[in-house]
Structures are given as C-alpha cells and as structure tokens.
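Engineer: I have a structure I would like to understand better, so I am pasting it below and will then ask my questions one at a time.
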Amino acid sequence: MSVTETTKAFAPAGTWAADPVHSNVSFEVRYSGVNNFRGSFTDFQAVLAGGETATLEGTAKVASVDVKD
C-alpha cells in the first residue's frame with residue numbers, strides 16, 4: 001500500500017515589512033578556500049507580499065555595510 005499526498009505551500013495573504021530591530025541582513029563569502037568573510041548591512045528594507053504568488057523584495061544601502069575584521 002502506498003500513499004501519495006500533494007500539498008501546495010504559499011505565504012498567507014497580506015503584506016509584511018522587516019522589523020529592523022528584530023531582523024538582519026548578512027552575508028558570507030568563502031575566500032582562498034580556507035576561511036569565510038562575514039558582514040552585514042545595518043540600513044535595509046524588505047517587504048513580503050503573500051498570497052498564491054508570494055514576492056519578496058528588499059534593498060540595502062551599500063554605505064551601511066558592517067564587516068568584522
């Protein structure tokens with residue numbers, strides 16, 4: 001006996017914006033095959049518009065990059 005189940009995942013309808021106090025935008029780049037370079041942006045915006053065709057859009061100001069040396 002086998003059971004086949006199909007589900008459709010989508011974001012609930014609505015629009016949400018990132019909360020800069022509780023959210024972050026960060027990145028990690030591997031270099032020289034030995035280590036990772038990490039950084040983040042302190043000034044950013046992101047919006048998720050949910051529904052059957054959810055979209056995520058965001059921006060980050062390059063001048064707000066923060067890297068830990």
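Quick note on naming: the chains in the structure tokens go A, B, ... in the order shown, residues restart at 1 in each chain, and ligands are numbered from 1 in order of appearance.
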Using only C-alpha atoms, which residues sit within 7 Å of Ser26 of chain A once same-chain residues fewer than 6 positions away are excluded, as a list in words?
Structural biologist: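 Everything that qualifies: Gly39, Ser40 and Phe41 of chain A.
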Engineer: Keeping only C-alpha atoms, write the selected residues as a PDB file, in the first residue's frame.
Structural biologist:
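Once written, selection.pdb looks like this:
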```pdb
ATOM      1  CA  GLY A  39      29.436  41.063   7.017  1.00  0.00           C
ATOM      2  CA  SER A  40      26.029  42.635   7.344  1.00  0.00           C
ATOM      3  CA  PHE A  41      24.028  45.711   6.388  1.00  0.00           C
TER       4      PHE A  41
END
```
Engineer: Which residues are close to Ser23 of chain A, i.e. within 10 Å by only C-alpha atoms, leaving aside same-chain residues fewer than 4 positions away? Reply as a PyMOL selection string.
Structural biologist: chain A and resi 18-19+42+44-46
Engineer: Excluding Val47 of chain A and residues on its chain fewer than 6 positions from it, collect all residues at most 6 Å away from it, counting only C-alpha atoms, and give them as a ChimeraX atom specification.
Structural biologist: /A:16-17,56-57
Engineer: Would you output that residue set with C-alpha atoms, as a PDB file, in the first residue's frame?
Structural biologist:
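Final file, result.pdb:
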```pdb
ATOM      1  CA  TRP A  16       4.752  42.243   5.879  1.00  0.00           C
ATOM      2  CA  ALA A  17       7.758  44.516   6.300  1.00  0.00           C
ATOM      3  CA  LEU A  56       9.945  39.194  -1.533  1.00  0.00           C
ATOM      4  CA  GLU A  57      11.626  42.500  -2.362  1.00  0.00           C
TER       5      GLU A  57
END
```
Engineer: What's the separation between atom CA of Leu48 of chain A and atom CA of Val25 of chain A, in Å to one decimal place?
Structural biologist: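 That distance, rounded to one decimal, is 14.5 Å.
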Engineer: As an exercise, work out the distance from atom CA of Val21 of chain A to atom CA of Asp43 of chain A in Å and give it to one decimal place.
Structural biologist: 10.9 Å
Engineer: Using only C-alpha atoms, which residue out of A:Ala49, A:Ala60, A:Val67, A:Ala13 lies closest to Asn36 of chain A?
Structural biologist: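 Ranking A:Ala49, A:Ala60, A:Val67, A:Ala13 by distance to Asn36 of chain A, first place goes to A:Val67.
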Engineer: Rank nothing, just name the residue among A:Val29, A:Ala54, A:Val65, A:Val34 nearest to Thr15 of chain A, using only C-alpha atoms.
Structural biologist: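 For Thr15 of chain A, the nearest of the given residues is A:Ala54.
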